[in-house]
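Trainee: Before we start, here is the structure in question, set down as structure tokens.
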Amino acid sequence: MRALQSRLPPKDRLSQERRQALQLLACSPRGAIEEVLMLSHEISRETLSMLALAGLATVVTETLRVEGGGTFTIDRLRITDAGRRAIGN
């Protein structure tokens, strides 16, 4: 884990897109759905993946039940403590 942390960009070097994504996640206590971030806020899938790989965000999978007995899963991204530190939050 230390090797990964040493490769994290310093606060000043976060790209605007990564900073925006982290700020959106910081405002979303339950996390945000990847597709919503991509379509509504024009955040690339690559950026979201890089945040997760860098330990700044994590992916939580939820299974939801709908009337009639069906289920589906959604993936939410949530900011980590390291992500909050990266944006000074």
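Note on naming: chains are A, B, ... as they come in the structure tokens, residues start from 1 per chain, ligands start from 1 in the order shown.
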As a count of residues only, please: the residues near A:Asp75 (cut-off 12 Å, only C-alpha atoms, same-chain neighbours under 5 positions excluded).
Mentor: 16
Trainee: Return as a PyMOL selection string the full set of residues in stretch 1-81 of chain A whose backbone-based DSSP assignment is strand (DSSP E).
Mentor: chain A and resi 32-33+57-65+71-79
Trainee: Write out the residues from the selection above, keeping C-alpha atoms, as a short mmCIF file (atom, residue, chain, number, x, y, z; two decimals), in the first residue's frame.
Mentor:
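Once written, result-v6.cif looks like this:
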```cif
data_model
loop_
_atom_site.label_atom_id
_atom_site.label_comp_id
_atom_site.auth_asym_id
_atom_site.auth_seq_id
_atom_site.Cartn_x
_atom_site.Cartn_y
_atom_site.Cartn_z
CA ALA A 32 -22.56 8.16 -6.88
CA ILE A 33 -23.44 5.84 -9.72
CA ALA A 57 -12.39 6.23 -4.30
CA THR A 58 -13.86 2.81 -3.79
CA VAL A 59 -16.58 0.87 -5.58
CA VAL A 60 -19.47 -0.53 -3.56
CA THR A 61 -21.86 -2.95 -5.28
CA GLU A 62 -25.47 -2.98 -4.10
CA THR A 63 -28.21 -5.42 -5.01
CA LEU A 64 -31.67 -3.87 -5.23
CA ARG A 65 -34.97 -5.72 -5.26
CA THR A 71 -33.16 -7.84 -8.59
CA PHE A 72 -30.44 -5.77 -10.17
CA THR A 73 -27.06 -4.53 -9.07
CA ILE A 74 -25.59 -1.07 -9.16
CA ASP A 75 -22.05 0.09 -8.52
CA ARG A 76 -21.58 3.24 -6.49
CA LEU A 77 -18.31 5.09 -6.16
CA ARG A 78 -17.53 6.51 -2.74
CA ILE A 79 -14.72 8.81 -1.75
#
```
Trainee: Give me, as a ChimeraX atom specification, the residues of chain A that a backbone DSSP run labels alpha helix (DSSP H).
Mentor: /A:2-6,16-26,34-41,45-53,81-86
Trainee: To one decimal in Å, tell me the separation between atom CA of A:Ile43 and atom CA of A:Ala26.
Mentor: 15.0 Å
Trainee: What is the distance between atom CA of A:Arg85 and atom CA of A:Leu39, in Å to one decimal?
Mentor: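 Going from atom CA of A:Arg85 over to atom CA of A:Leu39 covers 26.2 Å.
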Trainee: Between atom CA of A:Gln20 and atom CA of A:Gly83, what is the spacing in Å?
Mentor: 11.5 Å
Trainee: Choose the residue, out of A:Asn89, A:Thr47, A:Leu53, A:Gly69, that has the smallest atom-to-atom separation from A:Leu14; count only C-alpha atoms.
Mentor: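 Residue with the minimum atom-to-atom distance to A:Leu14: A:Thr47.
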Trainee: Contacts of A:Ile87 at 12 Å or less, counting only C-alpha atoms, minus same-chain residues fewer than 6 places along, as a list in words?
Mentor: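 That gives Pro9, Pro10, Lys11, Asp12, Arg13, Leu14, Ser15, Gln16, Arg18, Arg19, Gln20, Ala21, Leu22, Gln23, Leu24, Leu25, Ala26, Leu56, Ile79, Thr80 and Asp81 of chain A.
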